[in-house]
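For reference, my_file_37.pdb is printed below; it contains PDB, C-alpha atoms.
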```
ATOM      1  CA  MET N 366      31.592   7.078 -12.192
ATOM      2  CA  LEU N 367      31.749  10.126  -9.917
ATOM      3  CA  SER N 368      31.172   9.685  -6.200
ATOM      4  CA  PRO N 369      27.954  11.067  -4.678
ATOM      5  CA  GLU N 370      30.048  13.531  -2.657
ATOM      6  CA  THR N 371      31.557  14.930  -5.872
ATOM      7  CA  LEU N 372      28.136  15.278  -7.479
ATOM      8  CA  ALA N 373      26.719  16.961  -4.379
ATOM      9  CA  ALA N 374      29.703  19.335  -4.275
ATOM     10  CA  LEU N 375      28.606  20.745  -7.645
ATOM     11  CA  ARG N 376      25.694  22.383  -5.771
ATOM     12  CA  ASN N 377      23.743  22.285  -9.004
ATOM     13  CA  LEU N 378      21.208  19.472  -9.216
ATOM     14  CA  PRO N 379      20.526  19.724 -12.991
ATOM     15  CA  LEU N 380      24.257  19.622 -13.713
ATOM     16  CA  ALA N 381      24.787  16.750 -11.266
ATOM     17  CA  ALA N 382      21.950  14.769 -12.876
ATOM     18  CA  LYS N 383      23.291  15.329 -16.379
ATOM     19  CA  THR N 384      26.856  14.494 -15.317
ATOM     20  CA  ALA N 385      25.810  11.272 -13.580
ATOM     21  CA  ALA N 386      23.447  10.070 -16.320
ATOM     22  CA  GLU N 387      25.660  10.894 -19.293
ATOM     23  CA  GLY N 388      28.740   9.568 -17.547
ATOM     24  CA  PHE N 389      26.891   6.325 -16.948
ATOM     25  CA  LEU N 390      25.611   6.100 -20.540
ATOM     26  CA  ALA N 391      29.097   6.697 -21.906
ATOM     27  CA  GLY N 392      30.081   3.313 -20.511
ATOM     28  CA  GLN N 393      27.027   1.458 -21.768
ATOM     29  CA  HIS N 394      26.021   0.058 -25.147
ATOM     30  CA  LEU N 395      22.738   1.874 -24.992
ATOM     31  CA  SER N 396      20.170   3.658 -26.939
ATOM     32  CA  ARG N 397      19.408   6.539 -29.132
ATOM     33  CA  ARG N 398      16.149   8.433 -29.029
ATOM     34  CA  ARG N 399      13.461   7.966 -31.645
ATOM     35  CA  GLY N 400      10.334  10.034 -31.150
ATOM     36  CA  ALA N 401       8.250   9.359 -28.074
ATOM     37  CA  GLY N 402       9.241   6.197 -26.315
ATOM     38  CA  MET N 403      12.474   4.406 -25.713
ATOM     39  CA  GLU N 404      14.591   2.359 -28.017
ATOM     40  CA  PHE N 405      17.253   0.126 -26.507
ATOM     41  CA  SER N 406      19.805  -1.652 -28.638
ATOM     42  CA  GLN N 407      21.725  -4.692 -27.464
ATOM     43  CA  TYR N 408      25.079  -5.096 -29.178
ATOM     44  CA  ARG N 409      27.609  -7.797 -29.871
ATOM     45  CA  PRO N 410      30.871  -7.655 -31.831
ATOM     46  CA  TYR N 411      30.617  -8.016 -35.616
ATOM     47  CA  LEU N 412      31.408 -11.466 -37.029
ATOM     48  CA  PRO N 413      32.118 -12.314 -40.686
ATOM     49  CA  GLY N 414      28.837 -13.100 -42.433
ATOM     50  CA  ASP N 415      26.681 -10.818 -40.257
ATOM     51  CA  ASP N 416      24.078  -8.684 -42.039
ATOM     52  CA  LEU N 417      25.739  -5.311 -42.574
ATOM     53  CA  ARG N 418      22.371  -3.580 -42.379
ATOM     54  CA  ARG N 419      22.472  -4.287 -38.631
ATOM     55  CA  LEU N 420      25.929  -2.766 -38.210
ATOM     56  CA  ASP N 421      25.922   0.378 -36.079
ATOM     57  CA  TRP N 422      28.034   2.727 -38.188
ATOM     58  CA  ARG N 423      27.840   5.613 -35.720
ATOM     59  CA  LEU N 424      29.198   3.465 -32.928
ATOM     60  CA  ALA N 425      31.906   2.226 -35.268
ATOM     61  CA  ALA N 426      32.898   5.806 -36.096
ATOM     62  CA  ARG N 427      33.170   6.691 -32.410
ATOM     63  CA  SER N 428      34.984   3.599 -31.225
ATOM     64  CA  ASP N 429      36.741   2.142 -34.296
ATOM     65  CA  ARG N 430      35.022  -1.136 -33.449
ATOM     66  CA  TYR N 431      32.194  -2.863 -35.253
ATOM     67  CA  TYR N 432      29.040  -3.881 -33.398
ATOM     68  CA  ILE N 433      25.849  -5.573 -34.549
ATOM     69  CA  ARG N 434      22.475  -4.535 -33.136
ATOM     70  CA  GLU N 435      20.888  -7.729 -31.863
ATOM     71  CA  SER N 436      17.507  -6.585 -30.595
ATOM     72  CA  GLU N 437      15.495  -3.481 -30.012
ATOM     73  CA  VAL N 438      12.525  -2.610 -27.856
ATOM     74  CA  ASP N 439      10.498   0.508 -28.517
ATOM     75  CA  THR N 440       7.939   1.300 -25.823
ATOM     76  CA  SER N 441       6.528   4.254 -23.948
ATOM     77  CA  LEU N 442       5.158   4.564 -20.441
ATOM     78  CA  VAL N 443       5.229   6.831 -17.408
ATOM     79  CA  VAL N 444       8.267   6.539 -15.141
ATOM     80  CA  HIS N 445       6.839   7.544 -11.755
ATOM     81  CA  LEU N 446       9.467   8.538  -9.199
ATOM     82  CA  LEU N 447       8.436   8.207  -5.556
ATOM     83  CA  LEU N 448      10.457   9.859  -2.775
ATOM     84  CA  ASP N 449      10.088   9.044   0.912
ATOM     85  CA  ALA N 450      10.560  12.408   2.674
ATOM     86  CA  SER N 451       9.948  11.219   6.235
ATOM     87  CA  ALA N 452      12.424  12.347   8.900
ATOM     88  CA  SER N 453      14.491   9.150   8.910
ATOM     89  CA  MET N 454      15.808  10.202   5.491
ATOM     90  CA  ASN N 455      17.788  12.907   7.349
ATOM     91  CA  HIS N 456      20.201  10.230   8.576
ATOM     92  CA  ARG N 457      23.711  11.402   7.674
ATOM     93  CA  ASP N 458      26.465   9.098   6.451
ATOM     94  CA  ASP N 459      30.177   9.491   7.211
ATOM     95  CA  ASN N 460      30.658  11.144   3.791
ATOM     96  CA  GLY N 461      28.514  14.077   4.948
ATOM     97  CA  LEU N 462      25.492  13.203   2.803
ATOM     98  CA  THR N 463      22.074  12.412   4.203
ATOM     99  CA  LYS N 464      19.892   9.736   2.682
ATOM    100  CA  LEU N 465      17.753  12.563   1.303
ATOM    101  CA  ASP N 466      20.798  14.178  -0.337
ATOM    102  CA  TYR N 467      21.595  10.899  -2.043
ATOM    103  CA  ALA N 468      17.956  10.320  -3.014
ATOM    104  CA  ARG N 469      17.847  13.773  -4.671
ATOM    105  CA  LEU N 470      20.875  12.953  -6.800
ATOM    106  CA  LEU N 471      19.593   9.505  -7.700
ATOM    107  CA  LEU N 472      16.071  10.603  -8.621
ATOM    108  CA  ALA N 473      17.365  13.578 -10.599
ATOM    109  CA  ALA N 474      19.659  11.287 -12.608
ATOM    110  CA  LEU N 475      16.837   8.799 -13.175
ATOM    111  CA  ALA N 476      14.540  11.613 -14.313
ATOM    112  CA  TYR N 477      17.181  12.898 -16.721
ATOM    113  CA  LEU N 478      17.795   9.428 -18.097
ATOM    114  CA  ALA N 479      14.113   8.567 -18.573
ATOM    115  CA  HIS N 480      13.135  11.973 -19.969
ATOM    116  CA  ASN N 481      15.943  12.057 -22.495
ATOM    117  CA  GLN N 482      15.015   8.572 -23.678
ATOM    118  CA  GLY N 483      11.475   9.780 -24.404
ATOM    119  CA  ASP N 484       9.419   8.601 -21.422
ATOM    120  CA  ALA N 485       7.016  10.778 -19.495
ATOM    121  CA  VAL N 486       8.300  11.324 -15.960
ATOM    122  CA  ALA N 487       6.202  11.878 -12.831
ATOM    123  CA  LEU N 488       7.363  12.709  -9.314
ATOM    124  CA  THR N 489       5.608  12.226  -5.984
ATOM    125  CA  VAL N 490       7.167  13.403  -2.733
ATOM    126  CA  LEU N 491       5.690  11.694   0.335
ATOM    127  CA  HIS N 492       5.478  14.203   3.199
ATOM    128  CA  PRO N 493       3.915  13.613   6.628
ATOM    129  CA  ALA N 494       1.199  16.148   5.802
ATOM    130  CA  GLY N 495       0.403  14.606   2.424
ATOM    131  CA  ILE N 496       1.888  14.355  -1.032
ATOM    132  CA  GLN N 497       3.460  16.699  -3.547
ATOM    133  CA  HIS N 498       2.767  15.386  -7.032
ATOM    134  CA  LEU N 499       3.942  16.298 -10.534
ATOM    135  CA  SER N 500       1.958  14.352 -13.115
ATOM    136  CA  GLY N 501       3.765  12.473 -15.864
ATOM    137  CA  GLN N 502       4.898  14.744 -18.699
ATOM    138  CA  SER N 503       7.510  14.457 -21.438
ATOM    139  CA  ASP N 504       7.670  18.120 -22.506
ATOM    140  CA  SER N 505      10.845  20.193 -22.280
ATOM    141  CA  ARG N 506       9.751  21.923 -19.060
ATOM    142  CA  GLN N 507       9.267  18.727 -17.055
ATOM    143  CA  LEU N 508      12.880  18.216 -16.020
ATOM    144  CA  PRO N 509      13.206  21.751 -14.593
ATOM    145  CA  ARG N 510       9.960  21.171 -12.670
ATOM    146  CA  ILE N 511      11.280  17.933 -11.203
ATOM    147  CA  PHE N 512      14.687  19.386 -10.355
ATOM    148  CA  HIS N 513      13.043  22.358  -8.625
ATOM    149  CA  ALA N 514      10.770  20.084  -6.582
ATOM    150  CA  LEU N 515      13.677  17.861  -5.538
ATOM    151  CA  GLU N 516      15.869  20.823  -4.608
ATOM    152  CA  ASN N 517      13.198  22.120  -2.245
ATOM    153  CA  VAL N 518      12.318  18.859  -0.480
ATOM    154  CA  GLU N 519      12.882  18.726   3.258
ATOM    155  CA  ALA N 520      12.494  15.498   5.210
ATOM    156  CA  ALA N 521      10.343  15.685   8.350
ATOM    157  CA  GLY N 522       7.874  13.735  10.442
ATOM    158  CA  ARG N 523       6.511  10.295   9.696
ATOM    159  CA  PHE N 524       5.313   8.570   6.551
ATOM    160  CA  PRO N 525       1.880   9.930   5.457
ATOM    161  CA  GLY N 526      -1.322   8.086   6.297
ATOM    162  CA  ASN N 527      -3.684   6.227   3.988
ATOM    163  CA  ASP N 528      -6.052   9.163   3.484
ATOM    164  CA  ALA N 529      -3.262  11.381   2.185
ATOM    165  CA  LEU N 530      -1.993   8.616  -0.098
ATOM    166  CA  ALA N 531      -5.374   7.664  -1.573
ATOM    167  CA  PRO N 532      -5.087   9.898  -4.697
ATOM    168  CA  LEU N 533      -2.015   7.934  -5.825
ATOM    169  CA  THR N 534      -4.031   4.765  -6.342
ATOM    170  CA  ALA N 535      -7.346   6.306  -7.411
ATOM    171  CA  ARG N 536      -6.971   5.379 -11.081
ATOM    172  CA  ARG N 537      -5.147   2.849 -13.186
ATOM    173  CA  GLN N 538      -2.212   4.046 -15.242
ATOM    174  CA  ARG N 539       0.497   1.918 -16.786
ATOM    175  CA  ALA N 540       3.713   3.041 -15.146
ATOM    176  CA  LEU N 541       7.048   1.975 -13.765
ATOM    177  CA  ILE N 542       7.031   3.083 -10.115
ATOM    178  CA  ILE N 543      10.499   3.721  -8.665
ATOM    179  CA  CYS N 544      10.426   4.197  -4.894
ATOM    180  CA  VAL N 545      13.484   5.577  -3.094
ATOM    181  CA  SER N 546      13.129   5.004   0.641
ATOM    182  CA  ASP N 547      14.944   3.641   3.675
ATOM    183  CA  LEU N 548      11.817   1.508   4.284
ATOM    184  CA  TYR N 549      11.594   2.414   7.958
ATOM    185  CA  GLU N 550       7.923   1.961   8.799
ATOM    186  CA  GLU N 551       5.737   1.346  11.829
ATOM    187  CA  ASN N 552       2.790  -0.653  10.491
ATOM    188  CA  SER N 553       3.766  -1.796   6.982
ATOM    189  CA  GLU N 554       2.483   1.494   5.533
ATOM    190  CA  ILE N 555       5.144   1.646   2.780
ATOM    191  CA  GLU N 556       4.598  -1.988   1.843
ATOM    192  CA  GLN N 557       0.838  -1.438   1.656
ATOM    193  CA  LEU N 558       1.210   1.634  -0.558
ATOM    194  CA  LEU N 559       3.560  -0.129  -2.966
ATOM    195  CA  THR N 560       1.261  -3.159  -3.118
ATOM    196  CA  ARG N 561      -1.656  -0.924  -4.109
ATOM    197  CA  LEU N 562       0.485   0.926  -6.649
ATOM    198  CA  ARG N 563       1.580  -2.335  -8.227
ATOM    199  CA  ALA N 564      -2.076  -3.316  -8.600
ATOM    200  CA  VAL N 565      -2.940  -0.131 -10.513
ATOM    201  CA  SER N 566       0.358   0.499 -12.336
ATOM    202  CA  GLY N 567       1.886  -2.908 -12.952
ATOM    203  CA  GLU N 568       5.578  -2.368 -12.142
ATOM    204  CA  VAL N 569       7.296  -1.364  -8.890
ATOM    205  CA  MET N 570      11.032  -0.980  -8.324
ATOM    206  CA  VAL N 571      12.259  -0.381  -4.775
ATOM    207  CA  LEU N 572      15.640   1.277  -4.231
ATOM    208  CA  HIS N 573      16.263   0.642  -0.548
ATOM    209  CA  THR N 574      18.487   3.510   0.572
ATOM    210  CA  LEU N 575      20.997   2.716   3.303
ATOM    211  CA  ALA N 576      23.964   4.616   4.726
ATOM    212  CA  ARG N 577      27.365   2.978   5.001
ATOM    213  CA  ASN N 578      27.647   3.890   8.677
ATOM    214  CA  GLU N 579      24.415   2.056   9.487
ATOM    215  CA  LEU N 580      25.433  -0.961   7.397
ATOM    216  CA  ASP N 581      28.936  -1.191   8.865
ATOM    217  CA  PHE N 582      28.063   0.364  12.242
ATOM    218  CA  THR N 583      31.151   2.573  12.170
ATOM    219  CA  HIS N 584      30.414   4.173  15.546
ATOM    220  CA  ARG N 585      32.875   3.785  18.432
ATOM    221  CA  GLY N 586      32.529   3.898  22.198
ATOM    222  CA  SER N 587      29.549   5.299  24.066
ATOM    223  CA  VAL N 588      26.997   6.718  21.638
ATOM    224  CA  THR N 589      23.532   8.219  22.050
ATOM    225  CA  PHE N 590      21.184   7.450  19.160
ATOM    226  CA  GLN N 591      17.999   9.373  18.451
ATOM    227  CA  ASP N 592      15.039   8.148  16.429
ATOM    228  CA  LEU N 593      14.614  10.923  13.856
ATOM    229  CA  GLU N 594      10.863  10.376  13.618
ATOM    230  CA  THR N 595       9.831   9.839  17.251
ATOM    231  CA  GLY N 596      12.632  11.663  19.099
ATOM    232  CA  HIS N 597      13.281   8.665  21.342
ATOM    233  CA  THR N 598      16.901   8.233  22.428
ATOM    234  CA  LEU N 599      19.034   5.220  23.248
ATOM    235  CA  GLN N 600      22.520   5.222  24.776
ATOM    236  CA  LEU N 601      24.807   2.235  24.287
ATOM    237  CA  ASP N 602      28.398   1.107  23.886
ATOM    238  CA  ALA N 603      28.836   0.732  20.123
ATOM    239  CA  ASP N 604      31.778  -1.659  20.392
ATOM    240  CA  GLN N 605      29.873  -4.033  22.672
ATOM    241  CA  GLN N 606      26.696  -3.951  20.583
ATOM    242  CA  ARG N 607      28.243  -4.085  17.096
ATOM    243  CA  ALA N 608      27.983  -7.847  16.540
ATOM    244  CA  ALA N 609      24.390  -8.075  17.789
ATOM    245  CA  TYR N 610      23.390  -5.001  15.775
ATOM    246  CA  GLN N 611      24.853  -6.303  12.541
ATOM    247  CA  GLN N 612      23.231  -9.705  13.037
ATOM    248  CA  GLN N 613      19.813  -8.101  13.543
ATOM    249  CA  LEU N 614      20.380  -5.718  10.637
ATOM    250  CA  GLN N 615      21.251  -8.527   8.222
ATOM    251  CA  GLU N 616      18.192 -10.479   9.347
ATOM    252  CA  TRP N 617      15.984  -7.415   8.778
ATOM    253  CA  LEU N 618      17.504  -6.765   5.339
ATOM    254  CA  ARG N 619      17.057 -10.400   4.344
ATOM    255  CA  ASN N 620      13.419 -10.412   5.461
ATOM    256  CA  THR N 621      12.757  -7.053   3.799
ATOM    257  CA  ALA N 622      14.170  -8.225   0.467
ATOM    258  CA  GLN N 623      12.270 -11.516   0.592
ATOM    259  CA  ASN N 624       9.018  -9.785   1.479
ATOM    260  CA  ALA N 625       9.434  -7.204  -1.280
ATOM    261  CA  ARG N 626      10.085  -9.854  -3.916
ATOM    262  CA  ARG N 627       7.175 -11.925  -2.644
ATOM    263  CA  HIS N 628       4.963  -8.941  -3.436
ATOM    264  CA  GLY N 629       6.436  -8.768  -6.924
ATOM    265  CA  PHE N 630       8.605  -5.697  -6.338
ATOM    266  CA  ASP N 631      11.965  -5.364  -8.075
ATOM    267  CA  TYR N 632      14.049  -4.778  -4.931
ATOM    268  CA  HIS N 633      17.618  -3.425  -4.719
ATOM    269  CA  GLU N 634      19.760  -2.003  -1.939
ATOM    270  CA  VAL N 635      21.581   1.260  -2.647
ATOM    271  CA  ASN N 636      24.392   2.572  -0.474
ATOM    272  CA  THR N 637      24.765   6.327   0.048
ATOM    273  CA  SER N 638      28.562   6.022  -0.106
ATOM    274  CA  GLU N 639      28.570   4.446  -3.577
ATOM    275  CA  PRO N 640      28.182   5.936  -7.082
ATOM    276  CA  LEU N 641      24.758   5.958  -8.728
ATOM    277  CA  ASP N 642      25.647   3.609 -11.587
ATOM    278  CA  ARG N 643      24.289   0.384 -10.061
ATOM    279  CA  ALA N 644      20.848   1.888  -9.508
ATOM    280  CA  LEU N 645      20.852   3.448 -12.993
ATOM    281  CA  ARG N 646      21.808   0.097 -14.493
ATOM    282  CA  GLU N 647      18.997  -1.677 -12.647
ATOM    283  CA  PHE N 648      16.530   0.941 -13.881
ATOM    284  CA  LEU N 649      17.569   0.428 -17.501
ATOM    285  CA  ARG N 650      17.481  -3.336 -17.090
ATOM    286  CA  ARG N 651      13.945  -3.129 -15.735
ATOM    287  CA  ARG N 652      12.923  -0.600 -18.355
ATOM    288  CA  GLN N 653      14.118  -2.893 -21.139
ATOM    289  CA  SER N 654      12.038  -5.777 -19.792
ATOM    290  CA  ILE N 655       8.779  -3.819 -20.149
ATOM    291  CA  ASN N 656       7.038  -4.264 -23.497
TER     292      ASN N 656
END
```

Just give me the structure of the file as structure tokens.
Amino acid sequence: MLSPETLAALRNLPLAAKTAAEGFLAGQHLSRRRGAGMEFSQYRPYLPGDDLRRLDWRLAARSDRYYIRESEVDTSLVVHLLLDASASMNHRDDNGLTKLDYARLLLAALAYLAHNQGDAVALTVLHPAGIQHLSGQSDSRQLPRIFHALENVEAAGRFPGNDALAPLTARRQRALIICVSDLYEENSEIEQLLTRLRAVSGEVMVLHTLARNELDFTHRGSVTFQDLETGHTLQLDADQQRAAYQQQLQEWLRNTAQNARRHGFDYHEVNTSEPLDRALREFLRRRQSIN
């Protein structure tokens, strides 16, 4: 799987999305498209006595190995991608990528994967002044719309308020919500939004986006930190504070994960220094579980 830096270096989001998604699928025993909806096939090696009607001949031709299709699920729903575009997503990792850069790549790959498997894909970008929303579509023009919107996102300000977010939960629609965010919030505003979305949509996956340099606290010596949303600054000796910082960080991450799962969210950490494959795998796992 290509690194996020390599994908970003392509400077072509559609190509990066296709490269990441198809590279990931090449290593999976996954699906083929059949009309609208998604069909996943689970495979196991052929054993003498197995019903040959369940043998995947195309896979055999490609790999010279024989696999039996064990189960299939054919469903259709909206995959609703949610991007936190508040200023904290401008945090830059040691690999040169911001959280927003990584989120663009990840959401573009998820959109490509879902769209090419037959699902309608929606995108909502959460800006401080409100929301930018593309309703769920499965037509051939939807991916270019989503790529264009992602390419033009800029992170700024704070997470939008309840009034701006109200249209997202105004009506019920069966959907898999996938939220990419660093989950930095002042008054549980992200948690509240996702709770309301789960009530009207049914499924919420949270991809908690974290930079390696904030996880490992790679800073050295005297450092001045600035809150990207409030502008407040803090100067400290990184070497002296590392142990206390990491202890508090791990406690926050543990509490965040527990709280998310208590609300019924499918919660996963993603690291901006790592390839996209883990998040793509979790999406497909979740997508398979929905009937």

Take the PyMOL selection byres ((chain N and resi 499-504) around 10), apply it to the structure above, and return the hits as a compact mmCIF listing (two decimals) with C-alpha atoms, in the frame of the given file.
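And here is the file that came out, selection_35.txt:
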```txt
# COMPACT_ATOMS: atom_id res chain seq x y z
CA ALA N 401 8.25 9.36 -28.07
CA GLY N 402 9.24 6.20 -26.32
CA LEU N 442 5.16 4.56 -20.44
CA VAL N 443 5.23 6.83 -17.41
CA VAL N 444 8.27 6.54 -15.14
CA HIS N 445 6.84 7.54 -11.76
CA LEU N 446 9.47 8.54 -9.20
CA ALA N 479 14.11 8.57 -18.57
CA HIS N 480 13.14 11.97 -19.97
CA ASN N 481 15.94 12.06 -22.50
CA GLN N 482 15.02 8.57 -23.68
CA GLY N 483 11.48 9.78 -24.40
CA ASP N 484 9.42 8.60 -21.42
CA ALA N 485 7.02 10.78 -19.50
CA VAL N 486 8.30 11.32 -15.96
CA ALA N 487 6.20 11.88 -12.83
CA LEU N 488 7.36 12.71 -9.31
CA THR N 489 5.61 12.23 -5.98
CA VAL N 490 7.17 13.40 -2.73
CA ILE N 496 1.89 14.36 -1.03
CA GLN N 497 3.46 16.70 -3.55
CA HIS N 498 2.77 15.39 -7.03
CA SER N 505 10.84 20.19 -22.28
CA ARG N 506 9.75 21.92 -19.06
CA GLN N 507 9.27 18.73 -17.06
CA LEU N 508 12.88 18.22 -16.02
CA ARG N 510 9.96 21.17 -12.67
CA ILE N 511 11.28 17.93 -11.20
CA ALA N 514 10.77 20.08 -6.58
CA ALA N 540 3.71 3.04 -15.15
```

Handout entry: Residue contacts of stretch 632-640 of chain N (10 Å, all atoms listed in the file) excluding same-chain residues fewer than 4 positions away, as a PyMOL selection string
Key = chain N and resi 366-372+385+389+457-468+471+543-547+569-580+618+621-626+644-645+647

Problem - Explicit residue set for the PyMOL selection byres ((chain N and resi 565) around 9), as JSON, numbers by chain - result: {"N": [534, 535, 536, 537, 538, 539, 540, 561, 562, 563, 564, 566, 567, 568]}

Handout entry: Nearest to N:Leu378 by atom-to-atom distance, counting all atoms listed in the file, from N:Leu593, N:Leu515, N:Ile433, N:Leu478
Key = N:Leu515

Handout entry: Distance criterion (all atoms listed in the file): nearest to N:Gly629 out of N:Leu649, N:Ala531, N:Leu559, N:Leu375
Key =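 Nearest to N:Gly629: N:Leu559.
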